[in-house]
file start.cif (mmCIF, C-alpha atoms and all ligand atoms)
data_start
loop_
_atom_site.label_atom_id
_atom_site.label_comp_id
_atom_site.auth_asym_id
_atom_site.auth_seq_id
_atom_site.Cartn_x
_atom_site.Cartn_y
_atom_site.Cartn_z
CA ARG A 1 -28.42 53.97 163.51
CA PRO A 2 -31.63 55.44 162.16
CA MET A 3 -31.44 55.19 158.36
CA SER A 4 -32.19 58.90 158.20
CA ILE A 5 -28.73 60.07 159.38
CA SER A 6 -26.57 59.85 156.27
CA ILE A 7 -22.95 58.69 156.40
CA LYS A 8 -20.84 60.66 153.94
CA THR A 9 -18.39 58.79 151.70
CA ALA A 10 -14.83 60.03 151.06
CA GLU A 11 -16.09 61.62 147.84
CA ASP A 12 -19.02 63.28 149.65
CA ILE A 13 -16.61 64.63 152.26
CA ALA A 14 -14.39 66.12 149.57
CA GLY A 15 -17.46 67.93 148.19
CA MET A 16 -18.49 69.12 151.65
CA ARG A 17 -14.99 70.46 152.37
CA VAL A 18 -15.22 72.72 149.32
CA ALA A 19 -18.73 73.97 150.18
CA CYS A 20 -17.79 74.63 153.80
CA ARG A 21 -14.55 76.46 153.01
CA LEU A 22 -16.39 78.66 150.52
CA ALA A 23 -19.13 79.42 153.09
CA SER A 24 -16.42 80.50 155.53
CA GLU A 25 -14.69 82.61 152.85
CA VAL A 26 -17.92 84.57 152.33
CA LEU A 27 -17.74 85.52 156.02
CA ASP A 28 -14.07 86.47 155.52
CA ALA A 29 -15.00 88.66 152.54
CA ILE A 30 -17.65 90.69 154.35
CA ALA A 31 -15.58 91.15 157.54
CA PRO A 32 -13.66 94.31 156.53
CA HIS A 33 -16.93 95.98 155.44
CA ILE A 34 -18.77 95.46 158.69
CA GLN A 35 -18.25 98.91 160.17
CA PRO A 36 -20.49 101.57 161.75
CA GLY A 37 -22.77 103.02 159.04
CA ILE A 38 -23.03 99.98 156.76
CA THR A 39 -26.51 98.56 156.26
CA THR A 40 -27.25 94.87 156.51
CA ARG A 41 -28.62 95.10 152.96
CA ARG A 42 -25.16 96.19 151.76
CA ILE A 43 -23.59 93.24 153.60
CA ASP A 44 -26.05 91.01 151.76
CA GLU A 45 -25.07 92.55 148.41
CA ILE A 46 -21.34 92.11 149.09
CA ALA A 47 -21.89 88.49 150.04
CA ALA A 48 -24.04 87.85 146.96
CA ALA A 49 -21.27 89.25 144.74
CA CYS A 50 -18.72 87.06 146.52
CA MET A 51 -20.87 83.95 145.97
CA GLN A 52 -21.21 84.84 142.30
CA GLU A 53 -17.41 85.04 142.01
CA GLN A 54 -17.09 81.71 143.79
CA GLY A 55 -19.63 80.06 141.53
CA THR A 56 -21.78 79.16 144.53
CA ILE A 57 -25.38 80.07 145.17
CA SER A 58 -27.05 81.10 148.42
CA ALA A 59 -29.09 78.38 150.10
CA THR A 60 -31.23 80.93 151.91
CA ILE A 61 -32.60 83.01 149.04
CA GLY A 62 -36.01 81.61 148.18
CA TYR A 63 -35.72 79.01 150.95
CA GLN A 64 -39.25 78.11 152.06
CA PRO A 65 -39.83 75.46 154.70
CA PRO A 66 -43.48 74.48 155.27
CA GLY A 67 -45.42 77.34 156.86
CA TYR A 68 -42.83 80.03 156.00
CA PRO A 69 -42.73 82.68 153.26
CA PRO A 70 -39.74 82.38 150.90
CA TYR A 71 -36.63 83.83 152.61
CA PRO A 72 -35.76 87.01 150.67
CA ALA A 73 -31.96 87.38 151.08
CA SER A 74 -28.58 85.73 150.46
CA LEU A 75 -27.79 85.56 154.19
CA CYS A 76 -29.24 86.28 157.63
CA THR A 77 -28.24 89.32 159.71
CA SER A 78 -29.37 89.16 163.33
CA VAL A 79 -28.67 92.38 165.24
CA ASN A 80 -28.61 92.77 169.07
CA HIS A 81 -31.82 91.19 170.46
CA VAL A 82 -32.55 89.39 167.18
CA VAL A 83 -31.91 85.72 167.89
CA CYS A 84 -31.82 84.41 164.31
CA HIS A 85 -33.17 84.72 160.75
CA GLY A 86 -32.93 88.52 160.70
CA ILE A 87 -33.62 89.85 157.19
CA PRO A 88 -31.15 92.41 155.80
CA ASN A 89 -32.60 95.95 155.68
CA ASP A 90 -31.67 99.61 155.17
CA LYS A 91 -30.95 100.57 158.77
CA PRO A 92 -27.24 101.43 159.24
CA LEU A 93 -25.36 99.50 161.91
CA LYS A 94 -24.11 101.74 164.72
CA LYS A 95 -21.29 101.63 167.28
CA GLY A 96 -22.08 99.17 170.04
CA ASP A 97 -24.28 96.86 167.92
CA ILE A 98 -23.52 93.16 167.71
CA VAL A 99 -24.56 91.24 164.60
CA ASN A 100 -24.61 87.60 163.64
CA VAL A 101 -24.14 86.92 159.94
CA ASP A 102 -25.21 83.42 158.85
CA VAL A 103 -24.15 82.20 155.40
CA THR A 104 -25.04 78.95 153.67
CA VAL A 105 -23.76 78.28 150.15
CA ILE A 106 -24.44 75.54 147.61
CA THR A 107 -21.66 74.43 145.25
CA PRO A 108 -22.29 73.50 141.61
CA GLU A 109 -22.03 69.84 142.72
CA GLY A 110 -24.91 70.41 145.11
CA TRP A 111 -23.11 70.39 148.48
CA TYR A 112 -24.16 72.79 151.28
CA GLY A 113 -21.80 74.56 153.71
CA ASP A 114 -23.36 76.47 156.64
CA ASN A 115 -21.67 78.80 159.12
CA SER A 116 -22.10 82.02 161.06
CA ARG A 117 -20.03 84.46 163.07
CA MET A 118 -20.61 87.43 165.35
CA TYR A 119 -19.26 90.85 164.40
CA LEU A 120 -18.87 93.70 166.90
CA ILE A 121 -19.62 97.18 165.51
CA GLY A 122 -17.02 99.61 166.84
CA GLU A 123 -16.53 99.66 170.59
CA CYS A 124 -19.15 97.48 172.31
CA SER A 125 -20.21 97.13 175.94
CA ILE A 126 -18.37 94.66 178.13
CA ALA A 127 -21.65 92.71 178.40
CA ALA A 128 -21.99 92.44 174.61
CA LYS A 129 -18.36 91.39 174.12
CA ARG A 130 -18.69 88.81 176.87
CA LEU A 131 -21.89 87.33 175.39
CA SER A 132 -20.26 86.93 171.97
CA ALA A 133 -17.08 85.43 173.44
CA ILE A 134 -18.92 83.01 175.72
CA THR A 135 -21.18 81.88 172.86
CA PHE A 136 -18.08 81.22 170.73
CA GLU A 137 -16.58 79.17 173.57
CA ALA A 138 -19.89 77.36 174.07
CA MET A 139 -19.85 76.27 170.43
CA TRP A 140 -16.28 75.03 170.80
CA HIS A 141 -17.06 73.14 174.02
CA GLY A 142 -19.76 71.36 171.99
CA ILE A 143 -17.36 70.66 169.11
CA LEU A 144 -14.85 69.09 171.51
CA GLN A 145 -17.46 66.45 172.42
CA VAL A 146 -17.60 65.17 168.84
CA LYS A 147 -16.08 61.73 168.31
CA PRO A 148 -17.33 58.26 167.39
CA GLY A 149 -19.28 56.72 170.25
CA ALA A 150 -20.19 60.04 171.85
CA HIS A 151 -23.87 60.97 171.95
CA LEU A 152 -25.67 64.03 170.62
CA GLY A 153 -26.82 64.64 174.21
CA ASP A 154 -23.17 65.11 175.24
CA ILE A 155 -22.90 68.09 172.89
CA GLY A 156 -26.10 69.71 174.13
CA HIS A 157 -25.30 69.09 177.77
CA THR A 158 -21.82 70.60 177.52
CA ILE A 159 -23.07 73.72 175.79
CA GLN A 160 -25.94 74.20 178.23
CA LYS A 161 -23.80 73.65 181.31
CA PHE A 162 -21.16 76.07 180.13
CA ALA A 163 -23.56 78.83 178.98
CA GLU A 164 -25.81 78.61 182.03
CA GLY A 165 -22.74 78.52 184.27
CA GLN A 166 -21.86 81.94 182.85
CA GLY A 167 -25.33 83.26 183.74
CA PHE A 168 -26.71 83.04 180.19
CA SER A 169 -29.58 81.00 178.72
CA VAL A 170 -29.85 78.62 175.76
CA VAL A 171 -32.55 79.05 173.10
CA ARG A 172 -34.48 75.76 172.78
CA GLU A 173 -36.60 76.29 169.67
CA PHE A 174 -33.75 76.20 167.13
CA CYS A 175 -30.98 73.65 166.82
CA GLY A 176 -28.07 72.46 164.72
CA HIS A 177 -28.79 69.99 161.93
CA GLY A 178 -27.39 67.39 159.62
CA ILE A 179 -26.32 68.84 156.27
CA GLY A 180 -25.11 67.52 152.92
CA LYS A 181 -26.92 67.75 149.60
CA ARG A 182 -29.83 69.21 151.56
CA PHE A 183 -29.85 72.27 153.85
CA HIS A 184 -31.42 70.61 156.88
CA GLU A 185 -31.13 66.85 157.37
CA GLU A 186 -31.33 64.58 160.35
CA PRO A 187 -30.21 64.68 163.08
CA GLN A 188 -31.38 67.66 165.09
CA VAL A 189 -28.48 68.87 167.22
CA LEU A 190 -29.93 70.37 170.41
CA HIS A 191 -27.83 72.85 172.37
CA TYR A 192 -29.13 71.55 175.72
CA GLY A 193 -29.65 68.06 177.09
CA ARG A 194 -28.28 65.21 179.12
CA PRO A 195 -25.04 63.25 178.63
CA GLY A 196 -25.31 59.79 177.10
CA THR A 197 -28.71 60.47 175.51
CA LEU A 198 -29.83 60.64 171.88
CA GLU A 199 -27.99 59.41 168.78
CA LYS A 200 -24.54 57.86 168.95
CA LEU A 201 -22.04 59.52 166.62
CA GLU A 202 -20.34 57.61 163.79
CA PRO A 203 -17.55 58.58 161.41
CA GLY A 204 -18.93 60.25 158.29
CA MET A 205 -21.80 62.07 159.97
CA VAL A 206 -21.85 65.80 159.20
CA PHE A 207 -23.88 68.32 161.15
CA THR A 208 -23.84 71.90 162.38
CA ILE A 209 -23.37 73.14 165.94
CA GLU A 210 -24.91 76.61 166.22
CA PRO A 211 -25.87 77.64 169.75
CA MET A 212 -28.08 80.70 170.24
CA ILE A 213 -27.30 82.14 173.68
CA ASN A 214 -29.27 84.93 175.36
CA ALA A 215 -27.96 87.36 177.96
CA GLY A 216 -31.37 87.26 179.67
CA ARG A 217 -34.14 84.69 179.62
CA ARG A 218 -34.29 81.97 176.99
CA ASP A 219 -37.80 82.83 175.76
CA ILE A 220 -38.19 84.03 172.19
CA LYS A 221 -40.97 85.41 170.01
CA GLU A 222 -41.59 86.26 166.40
CA PHE A 223 -40.93 89.87 165.53
CA GLY A 224 -43.21 91.84 163.22
CA ASN A 225 -44.91 90.09 160.35
CA ASP A 226 -42.08 89.08 158.02
CA GLY A 227 -42.56 85.44 158.99
CA TRP A 228 -38.86 84.96 159.83
CA THR A 229 -37.32 87.33 162.38
CA ILE A 230 -36.98 85.87 165.89
CA VAL A 231 -36.18 88.09 168.90
CA THR A 232 -35.70 87.57 172.63
CA LYS A 233 -38.96 88.05 174.51
CA ASP A 234 -37.23 90.17 177.18
CA HIS A 235 -35.28 92.14 174.53
CA SER A 236 -31.97 90.99 176.01
CA LEU A 237 -28.99 90.56 173.66
CA SER A 238 -28.58 87.25 171.83
CA ALA A 239 -25.50 85.78 170.16
CA GLN A 240 -24.81 82.81 167.87
CA TRP A 241 -21.84 81.12 166.21
CA GLU A 242 -22.04 78.19 163.79
CA HIS A 243 -19.70 75.64 162.28
CA THR A 244 -20.30 72.56 160.12
CA ILE A 245 -18.58 69.54 161.69
CA LEU A 246 -17.53 66.12 160.33
CA VAL A 247 -17.25 63.15 162.69
CA THR A 248 -13.86 61.56 161.88
CA PRO A 249 -12.56 58.13 163.00
CA THR A 250 -10.68 59.84 165.86
CA GLY A 251 -12.79 62.91 166.67
CA TYR A 252 -13.95 65.89 164.65
CA GLU A 253 -13.05 68.04 161.70
CA VAL A 254 -14.33 71.62 161.61
CA MET A 255 -15.19 71.95 157.92
CA THR A 256 -16.10 75.66 157.88
CA LEU A 257 -12.62 77.06 158.44
CA SER A 258 -10.75 79.53 156.21
CA ALA A 259 -7.97 82.12 156.41
CA GLY A 260 -10.19 84.62 158.24
CA SER A 261 -11.64 82.26 160.85
CA PRO A 262 -11.12 83.56 164.38
CA ALA A 263 -8.40 81.90 166.47
CA LEU A 264 -9.53 78.82 168.37
CA PRO A 265 -10.04 79.21 172.12
CA ASP A 266 -7.04 78.30 174.29
CA PHE A 267 -8.84 75.28 175.72
CA VAL A 268 -9.10 73.82 172.20
CA THR A 269 -5.46 74.26 171.22
CA ALA A 270 -4.45 72.89 174.63
CA THR A 271 -6.31 69.59 174.05
CA SER A 272 -5.42 69.03 170.40
CA THR A 273 -1.65 69.63 170.43
N1 LIG A 301 -28.44 79.19 158.10
C1 LIG A 301 -29.51 78.94 159.05
C2 LIG A 301 -29.09 77.69 159.79
O1 LIG A 301 -28.05 77.71 160.36
C3 LIG A 301 -30.84 78.80 158.42
C4 LIG A 301 -31.31 80.05 157.80
S1 LIG A 301 -32.78 79.77 156.98
C5 LIG A 301 -33.20 81.27 156.40
O2 LIG A 301 -29.70 76.66 159.80
F1 LIG A 301 -34.12 81.06 155.54
F2 LIG A 301 -33.58 82.04 157.41
F3 LIG A 301 -32.18 81.84 155.81
CO CO A 302 -27.32 75.77 160.31
CO CO A 303 -26.55 78.83 159.34
#
call {"tool": "encode", "arguments": {"input": "start.cif", "output": "structure tokens"}}
result
Amino acid sequence: RPMSISIKTAEDIAGMRVACRLASEVLDAIAPHIQPGITTRRIDEIAAACMQEQGTISATIGYQPPGYPPYPASLCTSVNHVVCHGIPNDKPLKKGDIVNVDVTVITPEGWYGDNSRMYLIGECSIAAKRLSAITFEAMWHGILQVKPGAHLGDIGHTIQKFAEGQGFSVVREFCGHGIGKRFHEEPQVLHYGRPGTLEKLEPGMVFTIEPMINAGRRDIKEFGNDGWTIVTKDHSLSAQWEHTILVTPTGYEVMTLSAGSPALPDFVTATST
């Protein structure tokens, strides 16, 4: 194993469980507010207040990887053809929009929990609903690959095969990531690839699976000059879901679950019970 992929201890895992549950509870808290007419800035404010109540802080506000300006908000809101890293603004959401909200919190002990969900604004087109649902299933197909001895390439391959089989495309430029006391650690978790390739999984590894799936072509571009917002080049719709996952001795544990998490797909419950 490359020394760079950390193996979490039982104590580390206990800290990660708290961070991940709280990250998921922020998504629960904003859910009832995500209605036609709300602005993404208001969603950001509600989430910031929730984090303050929790005693967590946002990992995104002020986040500045090399070559980027500091990220200015407590979460990311990526609407319609925005692929990821959308910055909250004053434009009201309208019926038929789809929005990804991506929340990462840091607990007082320093652990990070990272997750995102799609929200449908009012009645949406069949195409938009299908893209969100298929992306959710794609994430879960990836999660089901996670167990000791499996390879990272198995996760990417499964997601790619499923998404492309539905006529959609997989964004290549962004990937899942190891996470712990830092936001982005090794390994990179690609959402495409070949079975049996890349790192072998071991109990105690923790990483995100967060496929970005486009209705049209996979190509993306930067939007405007904010230094963050990524959109589809062909302006087709894009969807994303994200969970933080622990490799357990027998398989996986989805760490970012809470009371408001959506029901698991039927193919998951069928294999695990
Ligand atoms: N939460 C995102 C991820 O899943 C990263 C957002 S970085 C930000 O990795 F600065 F854009 F917020
Ligand atoms: Co992430
Ligand atoms: Co995230």
call {"tool": "closest_atom_pairs", "arguments": {"input": "start.cif", "of": "chain A", "to": "ligand CO 302 (chain A)", "cutoff": "7 Å", "atoms": "all atoms listed in the file", "output": "Markdown table"}}
result
| residue | atom | partner | partner_atom | distance |
| --- | --- | --- | --- | --- |
| A:Asp114 | CA | A:CO302 | CO | 5.4 |
| A:Asn115 | CA | A:CO302 | CO | 6.5 |
| A:Gly176 | CA | A:CO302 | CO | 5.6 |
| A:His177 | CA | A:CO302 | CO | 6.2 |
| A:Thr208 | CA | A:CO302 | CO | 5.6 |
| A:Glu210 | CA | A:CO302 | CO | 6.4 |
| A:Glu242 | CA | A:CO302 | CO | 6.8 |
call {"tool": "axis_aligned_box", "arguments": {"input": "start.cif", "around": "segment 180-192 of chain A", "padding_each_side": "6 Å", "output": "AutoDock Vina command-line options"}}
result
--center_x -28.3 --center_y 68.7 --center_z 162.7 --size_x 18.3 --size_y 20.3 --size_z 38.1
call {"tool": "residues_near_ligand", "arguments": {"input": "start.cif", "ligand": "ligand LIG 301 (chain A)", "cutoff": "8 Å", "atoms": "only C-alpha atoms and all ligand atoms", "output": "ChimeraX atom specification"}}
result
/A:59-64,70-76,84-87,102-104,114-116,175-177,183-184,208,210,228,242
call {"tool": "write_last_selection", "arguments": {"input": "start.cif", "atoms": "C-alpha atoms", "output": "PDB file, in the frame of the given file"}}
result
ATOM      1  CA  ALA A  59     -29.090  78.380 150.100  1.00  0.00           C
ATOM      2  CA  THR A  60     -31.230  80.930 151.910  1.00  0.00           C
ATOM      3  CA  ILE A  61     -32.600  83.010 149.040  1.00  0.00           C
ATOM      4  CA  GLY A  62     -36.010  81.610 148.180  1.00  0.00           C
ATOM      5  CA  TYR A  63     -35.720  79.010 150.950  1.00  0.00           C
ATOM      6  CA  GLN A  64     -39.250  78.110 152.060  1.00  0.00           C
ATOM      7  CA  PRO A  70     -39.740  82.380 150.900  1.00  0.00           C
ATOM      8  CA  TYR A  71     -36.630  83.830 152.610  1.00  0.00           C
ATOM      9  CA  PRO A  72     -35.760  87.010 150.670  1.00  0.00           C
ATOM     10  CA  ALA A  73     -31.960  87.380 151.080  1.00  0.00           C
ATOM     11  CA  SER A  74     -28.580  85.730 150.460  1.00  0.00           C
ATOM     12  CA  LEU A  75     -27.790  85.560 154.190  1.00  0.00           C
ATOM     13  CA  CYS A  76     -29.240  86.280 157.630  1.00  0.00           C
ATOM     14  CA  CYS A  84     -31.820  84.410 164.310  1.00  0.00           C
ATOM     15  CA  HIS A  85     -33.170  84.720 160.750  1.00  0.00           C
ATOM     16  CA  GLY A  86     -32.930  88.520 160.700  1.00  0.00           C
ATOM     17  CA  ILE A  87     -33.620  89.850 157.190  1.00  0.00           C
ATOM     18  CA  ASP A 102     -25.210  83.420 158.850  1.00  0.00           C
ATOM     19  CA  VAL A 103     -24.150  82.200 155.400  1.00  0.00           C
ATOM     20  CA  THR A 104     -25.040  78.950 153.670  1.00  0.00           C
ATOM     21  CA  ASP A 114     -23.360  76.470 156.640  1.00  0.00           C
ATOM     22  CA  ASN A 115     -21.670  78.800 159.120  1.00  0.00           C
ATOM     23  CA  SER A 116     -22.100  82.020 161.060  1.00  0.00           C
ATOM     24  CA  CYS A 175     -30.980  73.650 166.820  1.00  0.00           C
ATOM     25  CA  GLY A 176     -28.070  72.460 164.720  1.00  0.00           C
ATOM     26  CA  HIS A 177     -28.790  69.990 161.930  1.00  0.00           C
ATOM     27  CA  PHE A 183     -29.850  72.270 153.850  1.00  0.00           C
ATOM     28  CA  HIS A 184     -31.420  70.610 156.880  1.00  0.00           C
ATOM     29  CA  THR A 208     -23.840  71.900 162.380  1.00  0.00           C
ATOM     30  CA  GLU A 210     -24.910  76.610 166.220  1.00  0.00           C
ATOM     31  CA  TRP A 228     -38.860  84.960 159.830  1.00  0.00           C
ATOM     32  CA  GLU A 242     -22.040  78.190 163.790  1.00  0.00           C
TER      33      GLU A 242
END
call {"tool": "residues_near_point", "arguments": {"input": "start.cif", "point": "(-20.0, 71.1, 158.6)", "cutoff": "6 Å", "atoms": "all atoms listed in the file", "output": "list in words"}}
result
Val206, Phe207, Thr208, His243, Thr244, Ile245, Leu246 and Met255 of chain A
call {"tool": "write_last_selection", "arguments": {"input": "start.cif", "atoms": "C-alpha atoms", "output": "PDB file, keeping the file's coordinate frame"}}
result
ATOM      1  CA  VAL A 206     -21.850  65.800 159.200  1.00  0.00           C
ATOM      2  CA  PHE A 207     -23.880  68.320 161.150  1.00  0.00           C
ATOM      3  CA  THR A 208     -23.840  71.900 162.380  1.00  0.00           C
ATOM      4  CA  HIS A 243     -19.700  75.640 162.280  1.00  0.00           C
ATOM      5  CA  THR A 244     -20.300  72.560 160.120  1.00  0.00           C
ATOM      6  CA  ILE A 245     -18.580  69.540 161.690  1.00  0.00           C
ATOM      7  CA  LEU A 246     -17.530  66.120 160.330  1.00  0.00           C
ATOM      8  CA  MET A 255     -15.190  71.950 157.920  1.00  0.00           C
TER       9      MET A 255
END
call {"tool": "atom_distance", "arguments": {"input": "start.cif", "atom1": "atom CA of Leu201 of chain A", "atom2": "atom CA of Glu185 of chain A"}}
result
14.9 Å
call {"tool": "closest_atom_pairs", "arguments": {"input": "start.cif", "of": "segment 202-247 of chain A", "to": "segment 122-127 of chain A", "cutoff": "12 Å", "atoms": "all atoms listed in the file", "output": "JSON lines"}}
result
{"residue": "A:Asn214", "atom": "CA", "partner": "A:Ala127", "partner_atom": "CA", "distance": 11.3}
{"residue": "A:Ala215", "atom": "CA", "partner": "A:Ala127", "partner_atom": "CA", "distance": 8.3}
{"residue": "A:Gly216", "atom": "CA", "partner": "A:Ala127", "partner_atom": "CA", "distance": 11.2}
{"residue": "A:Ser236", "atom": "CA", "partner": "A:Ala127", "partner_atom": "CA", "distance": 10.7}
{"residue": "A:Leu237", "atom": "CA", "partner": "A:Ala127", "partner_atom": "CA", "distance": 9.0}
{"residue": "A:Ser238", "atom": "CA", "partner": "A:Ala127", "partner_atom": "CA", "distance": 11.0}
{"residue": "A:Ala239", "atom": "CA", "partner": "A:Ala127", "partner_atom": "CA", "distance": 11.4}
call {"tool": "atom_distance", "arguments": {"input": "start.cif", "atom1": "atom CA of Thr256 of chain A", "atom2": "atom CA of Ile209 of chain A"}}
result
11.1 Å
call {"tool": "closest_residue", "arguments": {"input": "start.cif", "among": "A:Ile57, A:Ala48, A:Val105, A:Ile220", "to": "ligand CO 303 (chain A)", "atoms": "all atoms listed in the file"}}
result
A:Val105
call {"tool": "closest_residue", "arguments": {"input": "start.cif", "among": "A:Gly204, A:Gly178, A:Pro148, A:Gly224", "to": "ligand CO 303 (chain A)", "atoms": "only C-alpha atoms and all ligand atoms"}}
result
A:Gly178
call {"tool": "residues_around", "arguments": {"input": "start.cif", "residues": "segment 26-40 of chain A", "least_positions_apart": "3", "cutoff": "10 Å", "atoms": "all atoms listed in the file", "output": "ChimeraX atom specification"}}
result
/A:21-23,43-51,54,75-79,86-97,99,101-105,115-123,257-262
call {"tool": "closest_residue", "arguments": {"input": "start.cif", "among": "A:Ser58, A:Thr135, A:Arg218, A:Thr197", "to": "ligand CO 303 (chain A)", "atoms": "all atoms listed in the file"}}
result
A:Ser58
call {"tool": "atom_distance", "arguments": {"input": "start.cif", "atom1": "atom CA of Thr56 of chain A", "atom2": "atom CA of Glu253 of chain A"}}
result
22.2 Å
call {"tool": "closest_residue", "arguments": {"input": "start.cif", "among": "A:Asn80, A:Trp241, A:Ile230, A:Ser132", "to": "ligand CO 303 (chain A)", "atoms": "all atoms listed in the file"}}
result
A:Trp241
call {"tool": "residues_around", "arguments": {"input": "start.cif", "residues": "Glu109 of chain A", "least_positions_apart": "3", "cutoff": "12 Å", "atoms": "all atoms listed in the file", "output": "VMD selection string"}}
result
chain A and resid 11 to 12 14 to 19 55 to 57 105 to 106 112 to 113 180 to 182
call {"tool": "closest_residue", "arguments": {"input": "start.cif", "among": "A:Asn225, A:Thr271, A:Asn100, A:Ser4", "to": "ligand CO 303 (chain A)", "atoms": "only C-alpha atoms and all ligand atoms"}}
result
A:Asn100
